[in-house]
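Visitor: My structure file target.tsv, TSV, C-alpha atoms, is below:
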```tsv
chain	number	residue	atom	x	y	z
V	196	MET	CA	-16.88	-1.78	-3.88
V	197	GLN	CA	-15.56	1.74	-4.32
V	198	ILE	CA	-11.89	2.76	-4.36
V	199	SER	CA	-11.15	6.41	-3.63
V	200	VAL	CA	-8.58	8.79	-2.25
V	201	ALA	CA	-8.94	9.02	1.53
V	202	ASN	CA	-9.85	12.15	3.41
V	203	GLU	CA	-9.05	13.13	6.99
V	204	ASN	CA	-12.33	11.66	8.24
V	205	ASP	CA	-11.12	8.21	7.10
V	206	LEU	CA	-8.01	8.16	9.27
V	207	LYS	CA	-9.62	6.76	12.43
V	208	ARG	CA	-11.06	3.79	10.53
V	209	ILE	CA	-7.72	3.22	8.78
V	210	SER	CA	-6.06	3.29	12.20
V	211	VAL	CA	-8.46	0.62	13.53
V	212	ILE	CA	-7.78	-1.67	10.57
V	213	GLU	CA	-4.04	-1.05	10.97
V	214	GLU	CA	-4.14	-1.94	14.68
V	215	ASN	CA	-6.19	-5.08	14.07
V	216	ASN	CA	-3.91	-6.43	11.36
V	217	PHE	CA	-0.29	-5.49	12.07
V	218	GLU	CA	1.91	-6.21	15.06
V	219	ASP	CA	4.05	-3.29	13.91
V	220	ASN	CA	1.02	-1.06	13.47
V	221	TRP	CA	1.31	2.66	13.01
V	222	SER	CA	-0.25	4.84	15.68
V	223	PHE	CA	-3.10	7.17	14.79
V	224	ASP	CA	-0.69	10.10	15.09
V	225	ALA	CA	1.79	8.44	12.72
V	226	ILE	CA	-0.99	7.78	10.21
V	227	LYS	CA	-2.20	11.37	10.46
V	228	SER	CA	1.33	12.71	10.09
V	229	GLN	CA	1.91	10.58	6.99
V	230	PHE	CA	-1.44	11.69	5.58
V	231	TYR	CA	-0.25	15.29	5.56
V	232	SER	CA	3.16	14.48	4.10
V	233	PRO	CA	3.75	15.89	0.64
V	234	ASN	CA	3.57	13.34	-2.16
V	235	CYS	CA	1.73	10.79	-0.03
V	236	ILE	CA	-1.52	9.21	-1.17
V	237	PHE	CA	-3.97	7.17	0.87
V	238	LEU	CA	-6.49	5.03	-0.99
V	239	THR	CA	-9.48	3.35	0.61
V	240	ALA	CA	-11.73	0.50	-0.42
V	241	ARG	CA	-15.33	0.75	0.76
V	242	ASP	CA	-18.02	-1.86	0.98
V	243	LYS	CA	-21.07	0.38	0.89
V	244	LYS	CA	-19.95	3.15	3.27
V	245	THR	CA	-17.52	1.14	5.42
V	246	ILE	CA	-13.78	1.21	4.77
V	247	ILE	CA	-12.56	-2.38	4.45
V	248	GLY	CA	-9.04	-1.78	3.16
V	249	TYR	CA	-6.48	0.86	2.34
V	250	ALA	CA	-3.11	1.54	0.79
V	251	ILE	CA	-0.56	4.21	1.60
V	252	PHE	CA	2.14	5.14	-0.88
V	253	THR	CA	4.55	7.97	-1.50
V	254	TYR	CA	6.27	9.19	-4.62
V	255	VAL	CA	9.26	11.37	-5.42
V	256	CYS	CA	10.23	12.27	-8.97
V	257	ASP	CA	9.70	9.05	-10.94
V	258	GLU	CA	9.76	6.57	-8.04
V	259	ALA	CA	7.02	5.36	-5.67
V	260	GLU	CA	7.08	3.31	-2.50
V	261	LEU	CA	4.16	1.28	-1.22
V	262	LEU	CA	4.27	1.80	2.54
V	263	ARG	CA	1.14	-0.10	3.60
V	264	ILE	CA	-1.66	-2.09	2.08
V	265	CYS	CA	-4.20	-3.91	4.19
V	266	VAL	CA	-7.63	-5.49	3.87
V	267	GLU	CA	-9.76	-6.55	6.81
V	268	LYS	CA	-9.49	-10.30	7.35
V	269	ARG	CA	-13.13	-11.05	6.56
V	270	HIS	CA	-12.84	-9.27	3.20
V	271	ARG	CA	-9.66	-10.97	2.02
V	272	ARG	CA	-9.61	-13.20	-1.07
V	273	LYS	CA	-12.30	-11.01	-2.65
V	274	ASN	CA	-9.99	-8.97	-4.91
V	275	VAL	CA	-10.10	-5.93	-2.62
V	276	ALA	CA	-6.31	-5.54	-2.55
V	277	THR	CA	-6.18	-6.03	-6.31
V	278	LYS	CA	-8.74	-3.26	-6.85
V	279	ILE	CA	-6.83	-0.92	-4.52
V	280	PHE	CA	-3.62	-1.77	-6.34
V	281	GLU	CA	-5.18	-1.14	-9.76
V	282	GLU	CA	-6.27	2.32	-8.63
V	283	MET	CA	-2.79	3.00	-7.25
V	284	GLU	CA	-1.32	2.05	-10.62
V	285	LYS	CA	-3.60	4.54	-12.41
V	286	ILE	CA	-2.16	7.25	-10.17
V	287	ILE	CA	1.37	5.96	-10.76
V	288	GLU	CA	0.80	6.16	-14.51
V	289	ASP	CA	-0.66	9.66	-14.24
V	290	LYS	CA	2.36	10.82	-12.18
V	291	MET	CA	4.73	9.29	-14.78
V	292	ILE	CA	6.38	7.05	-12.21
V	293	ILE	CA	8.67	4.38	-13.63
V	294	CYS	CA	9.43	2.27	-10.54
V	295	CYS	CA	7.63	1.24	-7.36
V	296	TYR	CA	9.33	-0.34	-4.34
V	297	LEU	CA	8.11	-2.15	-1.25
V	298	GLU	CA	9.38	-4.27	1.60
V	299	VAL	CA	7.57	-7.42	2.72
V	300	ARG	CA	8.28	-9.93	5.50
V	301	SER	CA	10.12	-12.90	4.02
V	302	SER	CA	7.69	-15.32	5.74
V	303	ASN	CA	4.56	-13.57	4.43
V	304	ASP	CA	3.98	-16.01	1.58
V	305	ALA	CA	0.51	-14.66	0.76
V	306	ALA	CA	1.80	-11.09	0.38
V	307	VAL	CA	4.84	-12.18	-1.64
V	308	ALA	CA	2.55	-14.17	-3.95
V	309	PHE	CA	0.18	-11.20	-4.31
V	310	TYR	CA	2.98	-8.77	-5.16
V	311	THR	CA	4.46	-11.25	-7.62
V	312	LYS	CA	1.04	-11.62	-9.26
V	313	MET	CA	0.89	-7.82	-9.51
V	314	GLY	CA	4.22	-7.79	-11.39
V	315	PHE	CA	6.78	-7.16	-8.64
V	316	GLU	CA	10.11	-8.95	-8.55
V	317	THR	CA	12.28	-9.67	-5.53
V	318	VAL	CA	15.49	-7.69	-5.99
V	319	GLY	CA	17.08	-7.91	-2.57
V	320	LYS	CA	16.84	-8.75	1.10
V	321	ARG	CA	17.09	-6.54	4.17
V	322	SER	CA	18.43	-8.70	6.99
V	323	GLY	CA	16.76	-8.21	10.38
V	324	TYR	CA	14.50	-5.46	8.99
V	325	TYR	CA	11.39	-6.25	11.09
V	326	ALA	CA	12.40	-5.88	14.74
V	327	VAL	CA	8.87	-6.47	15.99
V	328	TYR	CA	8.79	-9.80	14.15
V	329	ASN	CA	11.93	-11.25	15.81
V	330	ASN	CA	14.24	-9.38	13.43
V	331	GLU	CA	12.74	-11.14	10.44
V	332	ASP	CA	14.24	-10.37	7.05
V	333	ALA	CA	12.40	-8.30	4.47
V	334	TYR	CA	12.36	-8.87	0.77
V	335	LEU	CA	12.82	-5.74	-1.29
V	336	MET	CA	10.51	-5.97	-4.27
V	337	THR	CA	10.21	-3.65	-7.23
V	338	LYS	CA	8.05	-3.16	-10.27
V	339	ARG	CA	9.01	-1.15	-13.32
V	340	TYR	CA	6.50	0.77	-15.39
V	341	ARG	CA	6.68	1.98	-18.96
V	342	LEU	CA	5.98	5.64	-19.44
V	343	LYS	CA	3.05	6.44	-21.66
V	344	ILE	CA	3.62	9.74	-23.38
V	345	LYS	CA	0.48	11.83	-23.14
V	346	ASP	CA	-0.61	14.73	-25.26
V	347	ARG	CA	-1.08	17.68	-22.96
```
If you took the structure in this file and wrote it as structure tokens, what would it be?
Guide:
Amino acid sequence: MQISVANENDLKRISVIEENNFEDNWSFDAIKSQFYSPNCIFLTARDKKTIIGYAIFTYVCDEAELLRICVEKRHRRKNVATKIFEEMEKIIEDKMIICCYLEVRSSNDAAVAFYTKMGFETVGKRSGYYAVYNNEDAYLMTKRYRLKIKDR
């Protein structure tokens, strides 16, 4: 498995995975627009040449927000999300980010458990956040990072 920064040619495949896995999926145009946003990074996981997962995150100053992370159903429970996340954290460290945020559906036990395993803590709740999921609440989760001072 290879984790790498996405390029424009990857967006259609990301869009297909997005559509197949989220009821509140982003359109291809929304994905493309986000791709060209400043301070936004798309990571992909490939099995041979095929994209099987991705993450989208943004950063401003010393904060990051994980917007999306998804792995195709048949590739779940194979550490794909963990590998994507580890690569994201290398970038976070390089950018000297000290905090990462995300929202997750309160009923998504697997995702909450994954984020907790990756070091996130639940710090709040957004009531009725997910309109497409019957106004389900979202947990706000955060992870703090320690800056590593680098010689430049």
Visitor: Determine the nearest neighbour of Glu258 (chain V) from the options V:Thr277, V:Ser302, V:Asn215, V:Thr337, counting only C-alpha atoms.
Guide: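 Of the candidates, the smallest distance to Glu258 (chain V) is held by V:Thr337.
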Visitor: My list of candidates is V:Phe252, V:Tyr310, V:Phe223, V:Tyr325. Which is closest to Ile236 (chain V) when distances are computed with all atoms listed in the file?
Guide: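 Using all atoms listed in the file, Ile236 (chain V) sits closest to V:Phe252.
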Visitor: Just how far from CA of Asp205 (chain V) is CA of Lys268 (chain V), in Å to one decimal?
Guide: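 These two atoms are separated by 18.6 Å.
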Visitor: Within 12 Å of (0.8, -7.0, -10.1) (file coordinates; all atoms listed in the file), which protein or nucleic acid residues are there? I'd like them as a PyMOL selection string.
Guide: chain V and resi 276-284+295+306-316+336-340
Visitor: Please report the interatomic distance between CA of Ala225 (chain V) and CA of Arg208 (chain V) in Å with one decimal.
Guide: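 These atoms are spaced 13.8 Å apart.
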Visitor: For CA of Tyr249 (chain V) and CA of Arg263 (chain V), quote the distance in Å rounded to one decimal.
Guide: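 Distance between the two atoms: 7.8 Å.
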Visitor: Measuring between all atoms listed in the file, which one of V:Leu262, V:Ala333, V:Ile286, V:Ile212 shows the shortest distance to Val299 (chain V)?
Guide: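 With all atoms listed in the file as the atom set, the closest residue is V:Ala333.
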Visitor: Within 9 Å of (-18.3, -3.7, -2.6), in the coordinates the file gives, what residues turn up when you count all atoms listed in the file, written out as a list in words?
Guide: Met196, Gln197, Ala240, Arg241, Asp242, Lys243 and Val275 of chain V
Visitor: Neighbouring residues of Leu238 (chain V) were defined as those with any atom within 6 Å, considering only C-alpha atoms; residues of the same chain fewer than 2 positions away were excluded. Please report them as a list in words.
Guide: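 Neighbouring residues, sequence-local ones excluded: Ser199, Val200, Ala201, Tyr249 and Ala250 of chain V.
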Visitor: Closest to Val327 (chain V) among V:Asn220, V:Asn303, V:Ser232, V:Ser210, using all atoms listed in the file?
Guide: V:Asn220
Visitor: Using all atoms listed in the file, which protein or nucleic acid residues come within 10 Å of Lys290 (chain V)? Drop anything in the same chain fewer than 5 positions from it, and give the result as a ChimeraX atom specification.
Guide: /V:254-259,284-285,342
